[in-house]
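Trainee: Structure file entry.cif (mmCIF, C-alpha atoms) right here:
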data_my_file
#
loop_
_atom_site.label_atom_id
_atom_site.label_comp_id
_atom_site.auth_asym_id
_atom_site.auth_seq_id
_atom_site.Cartn_x
_atom_site.Cartn_y
_atom_site.Cartn_z
CA MET H 248 81.60 -8.82 -3.53
CA ALA H 249 84.48 -6.89 -5.03
CA ALA H 250 85.57 -3.93 -2.92
CA SER H 251 86.06 -0.49 -4.38
CA THR H 252 89.61 0.15 -3.37
CA ALA H 253 91.14 3.52 -4.08
CA VAL H 254 87.88 5.41 -4.53
CA THR H 255 85.90 6.30 -1.46
CA ALA H 256 84.15 9.35 -2.90
CA ASN H 257 81.61 10.06 -0.19
CA TYR H 258 79.69 12.08 -2.73
CA VAL H 259 82.39 14.67 -2.96
CA LEU H 260 83.63 16.04 -6.24
CA LYS H 261 87.30 15.23 -5.71
CA PRO H 262 89.61 17.13 -8.08
CA PRO H 263 91.95 15.08 -10.29
CA PRO H 264 95.41 14.52 -8.77
CA TYR H 265 96.88 17.07 -11.22
CA ALA H 266 96.02 20.52 -12.55
CA LEU H 267 93.32 20.68 -15.23
CA ASP H 268 95.92 21.65 -17.86
CA ALA H 269 98.50 19.08 -16.75
CA LEU H 270 97.50 16.44 -19.30
CA GLU H 271 98.00 18.76 -22.28
CA PRO H 272 98.49 18.30 -25.17
CA HIS H 273 97.03 14.79 -24.90
CA MET H 274 93.87 15.80 -23.08
CA SER H 275 93.06 19.48 -23.19
CA LYS H 276 92.36 21.78 -20.26
CA GLN H 277 89.02 22.56 -21.92
CA THR H 278 88.10 18.88 -21.84
CA LEU H 279 88.97 18.63 -18.14
CA GLU H 280 87.03 21.81 -17.39
CA PHE H 281 83.90 20.36 -18.95
CA HIS H 282 84.38 16.69 -18.22
CA TRP H 283 85.33 17.13 -14.57
CA GLY H 284 83.86 20.58 -13.95
CA LYS H 285 80.44 19.94 -15.51
CA HIS H 286 79.77 16.25 -16.22
CA HIS H 287 81.41 14.71 -13.16
CA ARG H 288 80.15 17.52 -10.93
CA ALA H 289 76.58 16.95 -12.17
CA TYR H 290 76.73 13.23 -11.37
CA VAL H 291 77.84 14.02 -7.81
CA ASP H 292 75.31 16.82 -7.27
CA ASN H 293 72.44 14.84 -8.75
CA LEU H 294 73.35 11.77 -6.73
CA LYS H 295 73.20 13.78 -3.52
CA LYS H 296 69.74 15.08 -4.44
CA GLN H 297 68.58 11.64 -5.47
CA VAL H 298 69.51 9.80 -2.25
CA LEU H 299 68.38 12.57 0.09
CA GLY H 300 65.72 11.25 2.41
CA THR H 301 66.02 7.69 1.15
CA GLU H 302 67.58 4.63 2.79
CA LEU H 303 70.59 5.12 0.53
CA GLU H 304 71.47 8.47 2.10
CA GLY H 305 74.86 8.42 3.83
CA LYS H 306 75.73 4.94 2.57
CA PRO H 307 79.15 4.35 0.98
CA LEU H 308 79.23 4.83 -2.75
CA ASP H 309 80.04 1.24 -3.65
CA HIS H 310 77.13 0.07 -1.51
CA ILE H 311 74.78 2.36 -3.44
CA ILE H 312 76.21 1.16 -6.73
CA ASN H 313 75.65 -2.50 -5.93
CA LYS H 314 72.18 -1.92 -4.50
CA THR H 315 70.96 0.16 -7.41
CA TYR H 316 72.54 -2.11 -10.01
CA ASN H 317 69.92 -4.52 -8.77
CA ASN H 318 71.25 -7.44 -10.82
CA GLY H 319 70.94 -5.51 -14.05
CA ASP H 320 67.44 -4.15 -13.45
CA LEU H 321 68.81 -0.67 -12.78
CA LEU H 322 67.26 1.53 -10.13
CA PRO H 323 67.15 5.33 -10.67
CA ALA H 324 70.23 6.28 -8.63
CA PHE H 325 72.53 3.81 -10.38
CA ASN H 326 73.55 6.07 -13.22
CA ASN H 327 74.66 8.97 -11.02
CA ALA H 328 76.27 6.76 -8.37
CA ALA H 329 78.25 4.61 -10.78
CA GLN H 330 79.26 7.57 -12.92
CA ALA H 331 80.48 9.49 -9.85
CA TRP H 332 82.63 6.49 -8.96
CA ASN H 333 83.78 5.83 -12.54
CA HIS H 334 84.95 9.38 -13.12
CA GLU H 335 87.02 9.65 -9.95
CA PHE H 336 88.57 6.31 -10.88
CA PHE H 337 89.23 7.61 -14.42
CA TRP H 338 91.09 10.79 -13.33
CA GLU H 339 93.27 8.67 -11.07
CA SER H 340 93.95 6.25 -13.93
CA MET H 341 95.87 9.00 -15.72
CA LYS H 342 98.89 11.14 -15.01
CA PRO H 343 100.98 13.74 -16.85
CA ASN H 344 103.70 12.03 -18.97
CA GLY H 345 102.02 8.69 -18.48
CA GLY H 346 101.33 5.87 -20.85
CA GLY H 347 103.61 3.38 -22.54
CA LYS H 348 104.69 0.01 -21.26
CA PRO H 349 104.69 -0.81 -17.53
CA SER H 350 107.55 -2.67 -15.86
CA GLY H 351 108.16 -5.11 -13.05
CA GLU H 352 105.41 -7.30 -11.66
CA LEU H 353 102.64 -5.57 -13.61
CA LEU H 354 104.38 -6.23 -16.93
CA ALA H 355 104.99 -9.83 -15.89
CA LEU H 356 101.29 -10.31 -15.12
CA LEU H 357 100.22 -8.68 -18.39
CA GLU H 358 102.58 -11.01 -20.23
CA ARG H 359 101.24 -13.97 -18.27
CA ASP H 360 97.57 -13.25 -18.94
CA PHE H 361 97.74 -11.69 -22.43
CA THR H 362 101.04 -13.30 -23.69
CA SER H 363 102.53 -9.83 -24.26
CA TYR H 364 101.99 -6.14 -23.54
CA GLU H 365 101.25 -5.68 -27.25
CA LYS H 366 98.46 -8.27 -27.08
CA PHE H 367 97.02 -6.55 -24.00
CA TYR H 368 97.22 -3.20 -25.82
CA GLU H 369 95.37 -4.70 -28.81
CA GLU H 370 92.65 -6.18 -26.65
CA PHE H 371 92.15 -3.07 -24.54
CA ASN H 372 92.13 -0.95 -27.69
CA ALA H 373 89.55 -3.21 -29.34
CA ALA H 374 87.29 -3.19 -26.29
CA ALA H 375 87.39 0.61 -26.09
CA ALA H 376 86.82 1.00 -29.83
CA THR H 377 83.94 -1.45 -30.13
CA GLN H 378 81.82 -0.45 -27.14
CA PHE H 379 78.68 0.73 -28.97
CA GLY H 380 77.49 4.12 -27.83
CA ALA H 381 78.50 5.27 -24.37
CA GLY H 382 80.57 3.20 -21.96
CA TRP H 383 83.98 2.28 -20.60
CA ALA H 384 86.80 -0.17 -21.20
CA TRP H 385 88.63 -1.69 -18.22
CA LEU H 386 91.57 -3.71 -17.12
CA ALA H 387 90.18 -5.77 -14.25
CA TYR H 388 91.33 -8.42 -11.81
CA ALA H 389 89.36 -11.48 -10.75
CA ASN H 390 90.27 -15.01 -9.65
CA ASP H 391 93.95 -14.13 -9.73
CA LYS H 392 93.74 -13.21 -13.41
CA LEU H 393 93.88 -9.94 -15.37
CA LYS H 394 91.28 -9.39 -18.04
CA VAL H 395 89.91 -6.71 -20.34
CA VAL H 396 86.24 -5.83 -19.96
CA LYS H 397 83.98 -3.35 -21.76
CA THR H 398 80.80 -1.99 -20.21
CA PRO H 399 77.88 0.14 -21.46
CA ASN H 400 76.84 3.51 -20.07
CA ALA H 401 77.57 3.56 -16.30
CA VAL H 402 78.19 -0.12 -15.65
CA ASN H 403 81.54 -0.99 -14.07
CA PRO H 404 83.37 -4.19 -13.01
CA LEU H 405 82.35 -3.72 -9.36
CA VAL H 406 78.89 -4.97 -10.20
CA LEU H 407 80.31 -7.76 -12.33
CA GLY H 408 82.34 -9.17 -9.44
CA SER H 409 85.83 -8.04 -10.37
CA PHE H 410 88.33 -5.40 -9.20
CA PRO H 411 88.79 -2.50 -11.59
CA LEU H 412 92.45 -1.61 -12.18
CA LEU H 413 92.37 0.82 -15.13
CA THR H 414 89.67 2.51 -17.15
CA ILE H 415 89.14 4.67 -20.21
CA ASP H 416 85.93 6.67 -20.60
CA VAL H 417 84.54 6.22 -24.13
CA TRP H 418 81.42 8.35 -23.74
CA GLU H 419 81.68 10.91 -26.53
CA HIS H 420 81.99 13.76 -24.03
CA ALA H 421 85.34 12.28 -22.97
CA TYR H 422 86.97 12.89 -26.35
CA TYR H 423 84.75 15.00 -28.58
CA LEU H 424 86.37 18.40 -27.94
CA ASP H 425 89.87 17.02 -28.63
CA PHE H 426 89.22 14.27 -31.17
CA GLN H 427 85.65 14.73 -32.46
CA ASN H 428 84.56 11.38 -33.94
CA ARG H 429 88.09 9.92 -33.90
CA ARG H 430 87.75 7.58 -30.95
CA PRO H 431 90.64 5.32 -32.10
CA ASP H 432 93.04 8.30 -31.97
CA TYR H 433 91.83 9.15 -28.47
CA ILE H 434 92.37 5.57 -27.28
CA LYS H 435 95.87 5.48 -28.77
CA THR H 436 96.75 8.79 -27.07
CA PHE H 437 95.42 7.49 -23.76
CA MET H 438 97.47 4.29 -24.01
CA ASN H 439 100.66 5.99 -25.16
CA ASN H 440 100.60 9.17 -23.11
CA LEU H 441 98.19 9.10 -20.19
CA VAL H 442 97.93 5.77 -18.36
CA SER H 443 99.22 5.86 -14.77
CA TRP H 444 100.73 2.43 -14.26
CA GLU H 445 101.58 3.45 -10.69
CA ALA H 446 97.88 3.77 -9.96
CA VAL H 447 97.21 0.43 -11.62
CA SER H 448 99.93 -1.27 -9.55
CA ALA H 449 98.62 0.19 -6.32
CA ARG H 450 95.11 -0.98 -7.17
CA LEU H 451 96.39 -4.44 -8.06
CA GLU H 452 98.11 -4.72 -4.67
CA ALA H 453 94.91 -3.69 -2.92
CA ALA H 454 92.90 -6.14 -5.02
CA LYS H 455 95.24 -9.02 -4.21
CA ALA H 456 95.14 -8.15 -0.50
CA ALA H 457 91.36 -7.97 -0.55
CA SER H 458 91.13 -11.27 -2.44
CA SER H 459 93.41 -13.15 -0.04
CA SER H 460 91.72 -11.71 3.04
CA SER H 461 88.36 -12.91 1.85
CA ALA H 462 89.73 -16.31 0.73
CA MET T 67 106.79 -21.37 -71.56
CA THR T 68 103.54 -22.05 -73.37
CA THR T 69 102.80 -24.80 -70.79
CA ILE T 70 102.98 -22.24 -67.99
CA VAL T 71 100.74 -19.82 -69.87
CA PHE T 72 98.33 -22.67 -70.51
CA ILE T 73 98.30 -23.55 -66.80
CA ILE T 74 97.71 -19.91 -65.84
CA VAL T 75 94.85 -19.67 -68.31
CA LEU T 76 93.41 -22.89 -66.90
CA VAL T 77 93.65 -21.52 -63.35
CA ILE T 78 91.89 -18.30 -64.36
CA PHE T 79 89.24 -20.31 -66.18
CA ALA T 80 88.78 -22.53 -63.14
CA ALA T 81 88.46 -19.48 -60.89
CA ASN T 82 85.79 -18.04 -63.16
CA LEU T 83 83.98 -21.36 -63.15
CA HIS T 84 83.93 -21.16 -59.35
CA ASP T 85 82.44 -17.66 -59.53
CA ALA T 86 79.95 -18.87 -62.11
CA GLY T 87 79.00 -21.57 -59.63
CA ALA T 88 78.50 -18.87 -57.01
CA THR T 89 75.98 -17.04 -59.17
CA THR T 90 73.67 -20.01 -59.07
CA MET T 91 72.71 -18.95 -55.54
CA ASP T 92 69.67 -16.76 -54.90
CA PRO T 93 69.97 -13.77 -57.27
CA CYS T 94 68.43 -11.62 -54.51
CA LEU T 95 71.65 -11.83 -52.53
CA GLU T 96 73.79 -11.23 -55.57
CA SER T 97 72.08 -7.95 -56.37
CA MET T 98 71.88 -6.87 -52.69
CA LYS T 99 72.04 -3.11 -52.75
CA THR T 100 74.52 -1.49 -50.45
CA ALA T 101 73.73 1.62 -48.46
CA SER T 102 75.06 4.99 -49.44
CA LEU T 103 75.30 8.32 -47.68
CA PRO T 104 72.33 10.45 -48.75
CA ASP T 105 73.01 14.07 -49.60
CA LEU T 106 71.98 16.64 -47.05
CA PRO T 107 68.85 18.45 -48.43
CA TYR T 108 70.34 21.84 -47.44
CA ALA T 109 73.70 23.53 -46.91
CA TYR T 110 75.81 22.62 -43.89
CA ASP T 111 75.27 26.03 -42.32
CA ALA T 112 71.56 26.19 -43.11
CA LEU T 113 70.42 25.10 -39.65
CA GLU T 114 72.36 27.80 -37.79
CA PRO T 115 72.10 29.03 -35.12
CA ALA T 116 70.19 26.02 -33.77
CA ILE T 117 72.75 23.52 -35.06
CA SER T 118 76.18 24.74 -36.08
CA GLU T 119 77.85 24.10 -39.43
CA GLU T 120 80.69 22.34 -37.62
CA ILE T 121 78.28 19.83 -36.12
CA MET T 122 76.43 19.27 -39.40
CA ARG T 123 79.69 18.54 -41.23
CA LEU T 124 80.99 16.13 -38.62
CA HIS T 125 77.60 14.52 -38.11
CA HIS T 126 76.92 13.91 -41.80
CA GLN T 127 80.41 13.39 -43.28
CA LYS T 128 81.96 11.47 -40.40
CA HIS T 129 79.37 9.84 -38.15
CA HIS T 130 76.69 8.97 -40.72
CA GLN T 131 79.32 8.02 -43.31
CA THR T 132 80.95 5.65 -40.80
CA TYR T 133 77.62 3.94 -40.12
CA VAL T 134 77.15 3.49 -43.88
CA THR T 135 80.65 2.11 -44.38
CA GLN T 136 80.46 -0.28 -41.44
CA TYR T 137 76.94 -1.36 -42.36
CA ASN T 138 78.02 -2.27 -45.89
CA LYS T 139 81.01 -4.13 -44.48
CA ALA T 140 78.72 -6.11 -42.18
CA LEU T 141 76.30 -6.85 -45.04
CA ASN T 142 79.21 -8.16 -47.07
CA SER T 143 80.26 -10.43 -44.22
CA LEU T 144 76.65 -11.54 -43.91
CA ARG T 145 76.53 -12.41 -47.59
CA SER T 146 79.63 -14.60 -47.20
CA ALA T 147 78.35 -16.22 -44.03
CA MET T 148 75.04 -17.04 -45.69
CA ALA T 149 76.79 -18.39 -48.78
CA ASP T 150 78.89 -20.61 -46.52
CA GLY T 151 75.91 -21.68 -44.46
CA ASP T 152 77.76 -20.39 -41.38
CA HIS T 153 74.70 -19.79 -39.21
CA SER T 154 76.75 -19.02 -36.15
CA ALA T 155 78.44 -16.19 -38.01
CA VAL T 156 75.10 -14.99 -39.37
CA VAL T 157 73.69 -14.64 -35.86
CA LYS T 158 76.89 -13.06 -34.56
CA LEU T 159 76.73 -10.34 -37.23
CA GLN T 160 73.28 -9.18 -36.13
CA SER T 161 74.50 -6.72 -33.50
CA LEU T 162 76.87 -5.03 -35.97
CA ILE T 163 74.06 -4.82 -38.53
CA LYS T 164 71.60 -3.48 -35.97
CA PHE T 165 74.02 -0.87 -34.73
CA ASN T 166 75.40 0.37 -38.03
CA GLY T 167 72.27 -0.24 -40.10
CA GLY T 168 70.23 1.42 -37.41
CA GLY T 169 72.65 4.34 -37.44
CA HIS T 170 72.19 4.69 -41.19
CA VAL T 171 68.39 4.39 -41.07
CA ASN T 172 68.04 6.80 -38.17
CA HIS T 173 70.29 9.48 -39.62
CA ALA T 174 68.70 9.24 -43.08
CA ILE T 175 65.39 10.14 -41.41
CA PHE T 176 67.01 12.78 -39.19
CA TRP T 177 68.25 14.93 -42.11
CA LYS T 178 64.68 14.97 -43.52
CA ILE T 179 63.18 15.86 -40.16
CA LEU T 180 65.30 19.01 -40.05
CA ALA T 181 64.84 22.02 -42.32
CA PRO T 182 66.21 25.54 -42.52
CA VAL T 183 63.90 28.22 -41.15
CA HIS T 184 63.42 29.70 -44.63
CA GLU T 185 62.24 26.31 -45.85
CA GLY T 186 59.66 25.83 -43.14
CA GLY T 187 61.83 24.67 -40.25
CA GLY T 188 60.00 25.28 -37.00
CA LYS T 189 56.66 25.98 -38.69
CA PRO T 190 53.91 24.09 -36.80
CA PRO T 191 52.34 21.08 -38.51
CA HIS T 192 49.18 21.16 -40.62
CA ASP T 193 46.15 18.94 -40.08
CA PRO T 194 45.44 16.12 -39.54
CA LEU T 195 48.66 15.86 -37.48
CA SER T 196 48.04 19.15 -35.72
CA SER T 197 44.67 18.01 -34.34
CA ALA T 198 46.06 14.61 -33.42
CA ILE T 199 48.83 16.28 -31.39
CA ASP T 200 46.30 18.45 -29.56
CA ALA T 201 44.14 15.41 -28.87
CA HIS T 202 47.02 13.29 -27.51
CA PHE T 203 49.22 15.87 -25.80
CA GLY T 204 46.95 18.85 -25.19
CA SER T 205 48.96 21.15 -27.40
CA LEU T 206 52.09 21.34 -29.52
CA GLU T 207 53.90 22.91 -26.56
CA GLY T 208 52.81 19.99 -24.41
CA LEU T 209 54.28 17.53 -26.92
CA ILE T 210 57.52 19.49 -27.15
CA GLN T 211 57.86 19.60 -23.37
CA LYS T 212 57.32 15.86 -23.14
CA MET T 213 59.84 15.08 -25.86
CA ASN T 214 62.40 17.39 -24.27
CA ALA T 215 61.95 15.74 -20.88
CA GLU T 216 62.28 12.27 -22.36
CA GLY T 217 65.21 13.29 -24.52
CA ALA T 218 67.04 14.84 -21.60
CA SER T 219 66.63 11.72 -19.49
CA VAL T 220 68.11 9.26 -22.01
CA GLN T 221 71.13 7.76 -20.22
CA GLY T 222 74.09 7.50 -22.52
CA SER T 223 73.32 7.53 -26.22
CA GLY T 224 70.00 7.31 -28.02
CA TRP T 225 67.08 9.01 -29.69
CA VAL T 226 63.75 10.53 -28.73
CA TRP T 227 60.85 10.01 -31.13
CA LEU T 228 57.35 11.11 -31.93
CA GLY T 229 55.81 8.05 -33.51
CA LEU T 230 52.53 6.92 -34.98
CA ASP T 231 51.30 3.58 -33.74
CA ARG T 232 49.49 2.32 -36.82
CA GLU T 233 47.80 -0.51 -34.95
CA LEU T 234 46.51 1.44 -31.98
CA LYS T 235 45.99 4.54 -34.13
CA ARG T 236 47.63 6.96 -31.76
CA LEU T 237 50.69 9.12 -31.33
CA VAL T 238 53.43 8.07 -28.92
CA VAL T 239 56.63 9.56 -27.54
CA GLU T 240 59.35 6.93 -27.23
CA THR T 241 63.07 6.77 -26.66
CA THR T 242 65.48 4.22 -28.06
CA ALA T 243 69.01 3.39 -26.95
CA ASN T 244 72.11 3.67 -29.11
CA GLN T 245 71.09 3.31 -32.76
CA ASP T 246 68.00 1.20 -32.22
CA PRO T 247 65.39 2.37 -34.74
CA LEU T 248 61.91 3.24 -33.44
CA VAL T 249 60.53 -0.01 -34.80
CA THR T 250 62.46 -1.89 -32.08
CA LYS T 251 59.97 -0.40 -29.61
CA GLY T 252 56.99 -1.72 -31.59
CA THR T 253 56.69 -3.13 -35.09
CA HIS T 254 53.69 -0.88 -35.81
CA LEU T 255 55.52 2.32 -34.95
CA VAL T 256 56.27 4.82 -37.72
CA PRO T 257 58.71 7.63 -36.94
CA LEU T 258 57.32 11.14 -37.48
CA ILE T 259 59.98 13.12 -35.62
CA GLY T 260 63.28 11.81 -34.31
CA ILE T 261 65.88 13.77 -32.38
CA ASP T 262 69.42 12.45 -31.99
CA VAL T 263 70.57 12.83 -28.38
CA TRP T 264 73.95 11.20 -28.81
CA GLU T 265 76.54 13.65 -27.54
CA HIS T 266 78.02 13.99 -31.04
CA ALA T 267 74.74 15.61 -32.10
CA TYR T 268 75.35 18.67 -29.94
CA TYR T 269 78.67 18.61 -28.10
CA PRO T 270 80.87 21.05 -30.06
CA GLN T 271 78.21 23.74 -29.73
CA TYR T 272 76.31 22.96 -26.52
CA LYS T 273 78.85 20.86 -24.59
CA ASN T 274 77.03 19.18 -21.70
CA ALA T 275 73.90 21.33 -22.10
CA ARG T 276 71.67 18.78 -23.82
CA ALA T 277 68.54 20.53 -22.56
CA GLU T 278 69.59 23.72 -24.37
CA TYR T 279 70.11 21.78 -27.62
CA LEU T 280 66.66 20.21 -27.27
CA LYS T 281 65.09 23.60 -26.63
CA ASN T 282 66.69 25.12 -29.73
CA ILE T 283 66.26 22.28 -32.22
CA TRP T 284 62.53 22.87 -32.50
CA SER T 285 63.23 26.00 -34.54
CA VAL T 286 64.52 23.76 -37.34
CA ILE T 287 62.19 20.78 -37.04
CA ASN T 288 60.55 19.99 -40.37
CA TRP T 289 56.95 19.46 -39.31
CA LYS T 290 55.95 19.15 -42.97
CA TYR T 291 57.73 15.79 -43.18
CA ALA T 292 55.97 14.55 -40.05
CA ALA T 293 52.59 15.85 -41.17
CA ASP T 294 52.93 14.30 -44.64
CA VAL T 295 53.92 10.89 -43.24
CA PHE T 296 51.09 11.06 -40.72
CA GLU T 297 48.55 12.02 -43.37
CA LYS T 298 49.64 9.23 -45.68
CA HIS T 299 49.27 6.65 -42.92
CA SER T 300 45.97 8.10 -41.76
CA ARG T 301 44.60 7.69 -45.25
CA ASP T 302 45.86 4.10 -45.31
CA LEU T 303 44.29 3.45 -41.92
CA ASP T 304 40.95 4.92 -43.02
CA THR T 305 40.76 2.69 -46.07
CA ASN T 306 41.30 -0.48 -43.95
#
Using structure tokens, write down the structure from this file.
Mentor:
Amino acid sequence: MAASTAVTANYVLKPPPYALDALEPHMSKQTLEFHWGKHHRAYVDNLKKQVLGTELEGKPLDHIINKTYNNGDLLPAFNNAAQAWNHEFFWESMKPNGGGKPSGELLALLERDFTSYEKFYEEFNAAAATQFGAGWAWLAYANDKLKVVKTPNAVNPLVLGSFPLLTIDVWEHAYYLDFQNRRPDYIKTFMNNLVSWEAVSARLEAAKAASSSSA
Amino acid sequence: MTTIVFIIVLVIFAANLHDAGATTMDPCLESMKTASLPDLPYAYDALEPAISEEIMRLHHQKHHQTYVTQYNKALNSLRSAMADGDHSAVVKLQSLIKFNGGGHVNHAIFWKILAPVHEGGGKPPHDPLSSAIDAHFGSLEGLIQKMNAEGASVQGSGWVWLGLDRELKRLVVETTANQDPLVTKGTHLVPLIGIDVWEHAYYPQYKNARAEYLKNIWSVINWKYAADVFEKHSRDLDTN
């Protein structure tokens, strides 16, 4: 079972690691205020209510996610649990003055598994653009390989047996205030201006360590 | 010089022959009608304050238009795949057709299900639908409450519907995911009312407050459309 690495989120609404206006002009303060302040907050609050008095109460978030994923036959708490996790992971996937091409080992691995950064960019872009309705696109790590994955609604790579490294939220609430229907422009802005490759590298290290320790 | 011209003419002639050969396939496919964006039956600001002009413009001119464009593109690819006998490609195209075609079908109904207040929006339905609603849901308010609850609980994107089950002869409240039309929940289901609960349907105005959007939209629901469709099908049912 893949471990959730950087995100512990014991049902706490953790603020992003930057001020709500710090991602301007690429992601507006208004978006952060609603997306983090309302949507993410609601997932956390509703999760707490939902697990109260049940056997899930007090369990780590990734445990709840796997249990309620229930092999695809989703149990009621899955949506709130997974979305609470996904959003914390999303804020930490971004940073002010982020984006662009990574360097060092990460770039080498992207070039190894996608033949070039540009090919990775294309694939990630396509996954994010073609996820019908609500969902997420991911860079994930499994079996010593990097891959791009897209998931619907609240599903994430944890339940699919791989380590998430990077995500972009493509629910409409993630981009509607800033981009309206123009999801491709939002994805481009995310890739060019927001991605925190430092976070991705740290997660990759943790994933490799977790993989080798369970080997 | 004349040889080259002759060769070019021959090539063009040969190309036309090829096309002529193509028209010997089923004329149904040749004359396949593409979808087009229907006009809105009212002005973009006519549903205010329930639904803002900004939303109506984006929803109709961008979202619905994109479904139409992508649906036509998929149909075109389908036509080629069928002509080539590429059955793998035909099957692969189904999800694009379902998503974009469903988006077109659903939104074409949606614009008719809405009406400005001065054109009857919000006015309760006439009989026989009115009595049927009371019989199935206790009251119109009961139906509205149920639809709002179901609509609010759709995870992600989708629709909430009031439908007529022509086989079981009863009204149902159903939800569908993404752009799945109501008929994906039952081939005998006819949509009477459909409410878009994708975030694009309400976000600029209501942000995360979907429940507020659902509460307000009833003031512009065109019950006349629903009642007319219901009556037509009731007559058909009675004559069976």
Trainee: Please identify all polymer residues within 7 Å of Ile415 of chain H, counting all atoms listed in the file, omitting same-chain residues fewer than 3 positions from it, and present them as a ChimeraX atom specification.
Mentor: /H:337,383-385
Trainee: Kindly assemble as JSON lines a list of the chain H residues that lie within 9 Å of chain T, each paired with its nearest atom pair and their distance in Å to one decimal, using all atoms listed in the file, sorted first by chain and then by ascending residue number.
Mentor:
{"residue": "H:Phe281", "atom": "CA", "partner": "T:Asn274", "partner_atom": "CA", "distance": 7.5}
{"residue": "H:His282", "atom": "CA", "partner": "T:Asn274", "partner_atom": "CA", "distance": 8.5}
{"residue": "H:Lys285", "atom": "CA", "partner": "T:Asn274", "partner_atom": "CA", "distance": 7.1}
{"residue": "H:His286", "atom": "CA", "partner": "T:Asn274", "partner_atom": "CA", "distance": 6.8}
{"residue": "H:Asn326", "atom": "CA", "partner": "T:Gln221", "partner_atom": "CA", "distance": 7.6}
{"residue": "H:Phe379", "atom": "CA", "partner": "T:Asn244", "partner_atom": "CA", "distance": 7.2}
{"residue": "H:Gly380", "atom": "CA", "partner": "T:Asn244", "partner_atom": "CA", "distance": 5.5}
{"residue": "H:Ala381", "atom": "CA", "partner": "T:Gly222", "partner_atom": "CA", "distance": 5.3}
{"residue": "H:Gly382", "atom": "CA", "partner": "T:Gly222", "partner_atom": "CA", "distance": 7.8}
{"residue": "H:Pro399", "atom": "CA", "partner": "T:Gly222", "partner_atom": "CA", "distance": 8.3}
{"residue": "H:Asn400", "atom": "CA", "partner": "T:Gly222", "partner_atom": "CA", "distance": 5.4}
{"residue": "H:Ala401", "atom": "CA", "partner": "T:Gly222", "partner_atom": "CA", "distance": 8.1}
{"residue": "H:Trp418", "atom": "CA", "partner": "T:Gly222", "partner_atom": "CA", "distance": 7.5}
{"residue": "H:Glu419", "atom": "CA", "partner": "T:Glu265", "partner_atom": "CA", "distance": 5.9}
{"residue": "H:His420", "atom": "CA", "partner": "T:Glu265", "partner_atom": "CA", "distance": 6.5}
{"residue": "H:Tyr423", "atom": "CA", "partner": "T:Tyr269", "partner_atom": "CA", "distance": 7.1}
{"residue": "H:Leu424", "atom": "CA", "partner": "T:Pro270", "partner_atom": "CA", "distance": 6.5}
{"residue": "H:Gln427", "atom": "CA", "partner": "T:His266", "partner_atom": "CA", "distance": 7.8}
{"residue": "H:Asn428", "atom": "CA", "partner": "T:His129", "partner_atom": "CA", "distance": 6.9}
Trainee: Written as a list of chain:residue names, which residues does the PyMOL selection byres ((chain H and resi 348-360) around 7) give for the file shown?
Mentor: H:Gly346, H:Gly347, H:Phe361, H:Thr362, H:Ser363, H:Tyr364, H:Phe367, H:Lys392, H:Leu393, H:Trp444, H:Ser448
Trainee: So which residues touch segment 191-195 of chain T within 12 Å, counting only C-alpha atoms, skipping near sequence neighbours fewer than 5 positions away, as number ranges by chain?
Mentor: T: 186, 200-203, 205-206, 228-230, 236-237, 258-259, 284, 287-301
Trainee: Apply the PyMOL selection byres ((chain H and resi 408) around 10) to the file shown and report the selected residues as a list in words.
Mentor: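 This file gives the following for the PyMOL selection byres ((chain H and resi 408) around 10): Met248, Ala249, Ala250, Ala387, Tyr388, Ala389, Asn390, Asn403, Pro404, Leu405, Val406, Leu407, Ser409, Phe410 and Pro411 of chain H.
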Trainee: Would you put the residues from that selection into a file with C-alpha atoms, as an mmCIF file, keeping the file's coordinate frame?
Mentor:
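And here is the file that came out, part_23.cif:
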data_model
loop_
_atom_site.group_PDB
_atom_site.id
_atom_site.type_symbol
_atom_site.label_atom_id
_atom_site.label_comp_id
_atom_site.auth_asym_id
_atom_site.auth_seq_id
_atom_site.Cartn_x
_atom_site.Cartn_y
_atom_site.Cartn_z
ATOM 1 C CA MET H 248 81.600 -8.820 -3.530
ATOM 2 C CA ALA H 249 84.480 -6.890 -5.030
ATOM 3 C CA ALA H 250 85.570 -3.930 -2.920
ATOM 4 C CA ALA H 387 90.180 -5.770 -14.250
ATOM 5 C CA TYR H 388 91.330 -8.420 -11.810
ATOM 6 C CA ALA H 389 89.360 -11.480 -10.750
ATOM 7 C CA ASN H 390 90.270 -15.010 -9.650
ATOM 8 C CA ASN H 403 81.540 -0.990 -14.070
ATOM 9 C CA PRO H 404 83.370 -4.190 -13.010
ATOM 10 C CA LEU H 405 82.350 -3.720 -9.360
ATOM 11 C CA VAL H 406 78.890 -4.970 -10.200
ATOM 12 C CA LEU H 407 80.310 -7.760 -12.330
ATOM 13 C CA SER H 409 85.830 -8.040 -10.370
ATOM 14 C CA PHE H 410 88.330 -5.400 -9.200
ATOM 15 C CA PRO H 411 88.790 -2.500 -11.590
#
Trainee: Could you give me the centre and size, in Å to one decimal, of an axis-aligned box around all listed atoms of segment 421-425 of chain H with 4 Å added on every side, as JSON?
Mentor:
{"center_x": 87.3, "center_y": 15.3, "center_z": -25.8, "size_x": 13.1, "size_y": 14.1, "size_z": 13.7}
Trainee: Take the PyMOL selection byres ((chain H and resi 432) around 12), run it mentally on this structure, and tell me the resulting residues as a list in words.
Mentor: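 Answer for the PyMOL selection byres ((chain H and resi 432) around 12): His273, Met274, Asn372, Ala375, Ala376, Val417, Tyr422, Tyr423, Asp425, Phe426, Gln427, Asn428, Arg429, Arg430, Pro431, Tyr433, Ile434, Lys435, Thr436, Phe437, Met438, Asn439 and Asn440 of chain H.
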